[in-house]
Amino acid sequence: DTAVSQTPKYLVTQMGNDKSIKCEQNLGHDTMYWYKQDSKKFLKIMFSYNNKELIINETVPNRFSPKSPDKAHLNLHINSLELGDSAVYFCASSHSQWGSGANVLTFGAGSRLTVL
Amino acid sequence: AQSVTQLGSHVSVSEGALVLLRCNYSSSVPPYLFWYVQYPNQGLQLLLKYTTGATLVKGINGFEAEFKKSETSFHLTKPSAHMSDAAEYFCAVSDTDKLIFGTGTRLQVFP
């Protein structure tokens, strides 16, 4: 039973299209994240939600819009896709130990987005 | 702001040899430090973490890391490499409520 599941695993689309990636966790965690991993394997946080509330938004273009319908789900919608959006997007979740910094993140398997 | 630097983007060892992956951190407060492993086409998996207490931390798959404040380091070691250890390894530091990752080190293991 997958703890953090993302769909789709692979996504190939044309520039200018709009696409969504979905994430669900069954760990009972209250905090969820989106990370972007570029072609050089560099991982950078994009967003974080705690109990459906946006708490981290790291200078991501507003073409990216996260949505958290409940604390077990965090979806990522991307408008007007650009070539530079090609990457692997990872969803993660954790128990919030607010301010303690000791959160252990559990990651999904990733969604590889290719923009042509 | 917190940051980590991983020295060496690629490390190659023979099966049975010592594995040493280097990580140095920069932090204005006592850091919480992590090592994650990423196998091909998979997500990241926690190997071990340091929060407080004992500075030598043991993780899964025979890996361990030692927190050295005087050297601002948190190097990852394994006494004897196995072919299955070939993967990408990421050091990370906690910054309030998110993890800041290093650039990763690819470990290759040769028979």
# chains A, B, ... in the order shown; residues from 1 in each chain; ligands from 1

$ closest_atom_pairs --of "segment 8-68 of chain B" --to "segment 3-17 of chain A" --cutoff "12 Å" --atoms "only C-alpha atoms" --output "tab-separated table"
residue	atom	partner	partner_atom	distance
B:Asn41	CA	A:Lys9	CA	9.8
B:Gln42	CA	A:Lys9	CA	10.3
B:Gly43	CA	A:Val4	CA	9.8
B:Leu44	CA	A:Val4	CA	11.3
B:Gln45	CA	A:Val4	CA	11.8

$ closest_atom_pairs --of "segment 43-71 of chain A" --to "segment 94-107 of chain B" --cutoff "9 Å" --atoms "only C-alpha atoms" --output "CSV"
residue,atom,partner,partner_atom,distance
A:Leu43,CA,B:Phe101,CA,6.2
A:Lys44,CA,B:Phe101,CA,7.3
A:Ile45,CA,B:Lys98,CA,7.7
A:Ser48,CA,B:Lys98,CA,8.1
A:Ile56,CA,B:Lys98,CA,8.5

$ write_last_selection --atoms "C-alpha atoms" --output "PDB file, in the first residue's frame"
ATOM      1  CA  LEU A  43      16.011  19.395  -5.655  1.00  0.00           C
ATOM      2  CA  LYS A  44      14.225  22.611  -4.813  1.00  0.00           C
ATOM      3  CA  ILE A  45      11.107  23.117  -2.751  1.00  0.00           C
ATOM      4  CA  SER A  48       4.245  23.402   1.307  1.00  0.00           C
ATOM      5  CA  ILE A  56       5.658  27.905   1.798  1.00  0.00           C
TER       6      ILE A  56
END

$ closest_atom_pairs --of "chain A" --to "chain B" --cutoff "12 Å" --atoms "only C-alpha atoms" --output "JSON lines"
{"residue": "A:Thr2", "atom": "CA", "partner": "B:Gly43", "partner_atom": "CA", "distance": 11.9}
{"residue": "A:Ala3", "atom": "CA", "partner": "B:Gly43", "partner_atom": "CA", "distance": 11.6}
{"residue": "A:Val4", "atom": "CA", "partner": "B:Gly43", "partner_atom": "CA", "distance": 9.8}
{"residue": "A:Ser5", "atom": "CA", "partner": "B:Gly43", "partner_atom": "CA", "distance": 10.3}
{"residue": "A:Gln6", "atom": "CA", "partner": "B:Gly43", "partner_atom": "CA", "distance": 10.5}
{"residue": "A:Lys9", "atom": "CA", "partner": "B:Asn41", "partner_atom": "CA", "distance": 9.8}
{"residue": "A:Tyr10", "atom": "CA", "partner": "B:Asn41", "partner_atom": "CA", "distance": 10.8}
{"residue": "A:Thr31", "atom": "CA", "partner": "B:Asp97", "partner_atom": "CA", "distance": 9.5}
{"residue": "A:Met32", "atom": "CA", "partner": "B:Lys98", "partner_atom": "CA", "distance": 10.2}
{"residue": "A:Tyr33", "atom": "CA", "partner": "B:Lys98", "partner_atom": "CA", "distance": 8.6}
{"residue": "A:Trp34", "atom": "CA", "partner": "B:Lys98", "partner_atom": "CA", "distance": 10.6}
{"residue": "A:Tyr35", "atom": "CA", "partner": "B:Leu99", "partner_atom": "CA", "distance": 10.0}
{"residue": "A:Lys36", "atom": "CA", "partner": "B:Phe101", "partner_atom": "CA", "distance": 11.4}
{"residue": "A:Gln37", "atom": "CA", "partner": "B:Thr103", "partner_atom": "CA", "distance": 10.2}
{"residue": "A:Asp38", "atom": "CA", "partner": "B:Thr103", "partner_atom": "CA", "distance": 10.5}
{"residue": "A:Ser39", "atom": "CA", "partner": "B:Thr103", "partner_atom": "CA", "distance": 11.4}
{"residue": "A:Lys40", "atom": "CA", "partner": "B:Thr103", "partner_atom": "CA", "distance": 8.1}
{"residue": "A:Lys41", "atom": "CA", "partner": "B:Thr103", "partner_atom": "CA", "distance": 6.9}
{"residue": "A:Phe42", "atom": "CA", "partner": "B:Thr103", "partner_atom": "CA", "distance": 5.2}
{"residue": "A:Leu43", "atom": "CA", "partner": "B:Phe101", "partner_atom": "CA", "distance": 6.2}
{"residue": "A:Lys44", "atom": "CA", "partner": "B:Phe101", "partner_atom": "CA", "distance": 7.3}
{"residue": "A:Ile45", "atom": "CA", "partner": "B:Lys98", "partner_atom": "CA", "distance": 7.7}
{"residue": "A:Met46", "atom": "CA", "partner": "B:Lys98", "partner_atom": "CA", "distance": 10.2}
{"residue": "A:Phe47", "atom": "CA", "partner": "B:Lys98", "partner_atom": "CA", "distance": 9.5}
{"residue": "A:Ser48", "atom": "CA", "partner": "B:Lys98", "partner_atom": "CA", "distance": 8.1}
{"residue": "A:Tyr49", "atom": "CA", "partner": "B:Asp97", "partner_atom": "CA", "distance": 10.5}
{"residue": "A:Asn50", "atom": "CA", "partner": "B:Asp97", "partner_atom": "CA", "distance": 10.1}
{"residue": "A:Ile55", "atom": "CA", "partner": "B:Asp97", "partner_atom": "CA", "distance": 9.2}
{"residue": "A:Ile56", "atom": "CA", "partner": "B:Lys98", "partner_atom": "CA", "distance": 8.5}
{"residue": "A:Asn57", "atom": "CA", "partner": "B:Lys98", "partner_atom": "CA", "distance": 11.1}
{"residue": "A:Glu58", "atom": "CA", "partner": "B:Lys98", "partner_atom": "CA", "distance": 10.8}
{"residue": "A:Val88", "atom": "CA", "partner": "B:Asn41", "partner_atom": "CA", "distance": 9.7}
{"residue": "A:Tyr89", "atom": "CA", "partner": "B:Gly43", "partner_atom": "CA", "distance": 9.8}
{"residue": "A:Phe90", "atom": "CA", "partner": "B:Gly43", "partner_atom": "CA", "distance": 7.2}
{"residue": "A:Cys91", "atom": "CA", "partner": "B:Gly43", "partner_atom": "CA", "distance": 9.0}
{"residue": "A:Ala92", "atom": "CA", "partner": "B:Gly43", "partner_atom": "CA", "distance": 9.2}
{"residue": "A:Ser93", "atom": "CA", "partner": "B:Lys98", "partner_atom": "CA", "distance": 10.6}
{"residue": "A:Ser94", "atom": "CA", "partner": "B:Asp97", "partner_atom": "CA", "distance": 9.8}
{"residue": "A:His95", "atom": "CA", "partner": "B:Asp97", "partner_atom": "CA", "distance": 10.4}
{"residue": "A:Ser96", "atom": "CA", "partner": "B:Asp97", "partner_atom": "CA", "distance": 7.9}
{"residue": "A:Gln97", "atom": "CA", "partner": "B:Asp97", "partner_atom": "CA", "distance": 8.3}
{"residue": "A:Trp98", "atom": "CA", "partner": "B:Asp97", "partner_atom": "CA", "distance": 7.0}
{"residue": "A:Gly99", "atom": "CA", "partner": "B:Thr96", "partner_atom": "CA", "distance": 5.4}
{"residue": "A:Ser100", "atom": "CA", "partner": "B:Thr96", "partner_atom": "CA", "distance": 6.8}
{"residue": "A:Gly101", "atom": "CA", "partner": "B:Thr96", "partner_atom": "CA", "distance": 4.9}
{"residue": "A:Ala102", "atom": "CA", "partner": "B:Tyr32", "partner_atom": "CA", "distance": 6.3}
{"residue": "A:Asn103", "atom": "CA", "partner": "B:Asp97", "partner_atom": "CA", "distance": 7.2}
{"residue": "A:Val104", "atom": "CA", "partner": "B:Leu46", "partner_atom": "CA", "distance": 7.7}
{"residue": "A:Leu105", "atom": "CA", "partner": "B:Leu46", "partner_atom": "CA", "distance": 7.8}
{"residue": "A:Thr106", "atom": "CA", "partner": "B:Gln45", "partner_atom": "CA", "distance": 7.1}
{"residue": "A:Phe107", "atom": "CA", "partner": "B:Gly43", "partner_atom": "CA", "distance": 5.6}
{"residue": "A:Gly108", "atom": "CA", "partner": "B:Gly43", "partner_atom": "CA", "distance": 5.4}
{"residue": "A:Ala109", "atom": "CA", "partner": "B:Gly43", "partner_atom": "CA", "distance": 4.0}
{"residue": "A:Gly110", "atom": "CA", "partner": "B:Gly43", "partner_atom": "CA", "distance": 5.8}
{"residue": "A:Ser111", "atom": "CA", "partner": "B:Gly43", "partner_atom": "CA", "distance": 9.6}
{"residue": "A:Arg112", "atom": "CA", "partner": "B:Asn41", "partner_atom": "CA", "distance": 9.3}

$ atom_distance --atom1 "atom CA of Met83 of chain B" --atom2 "atom CA of Leu7 of chain B"
21.9 Å
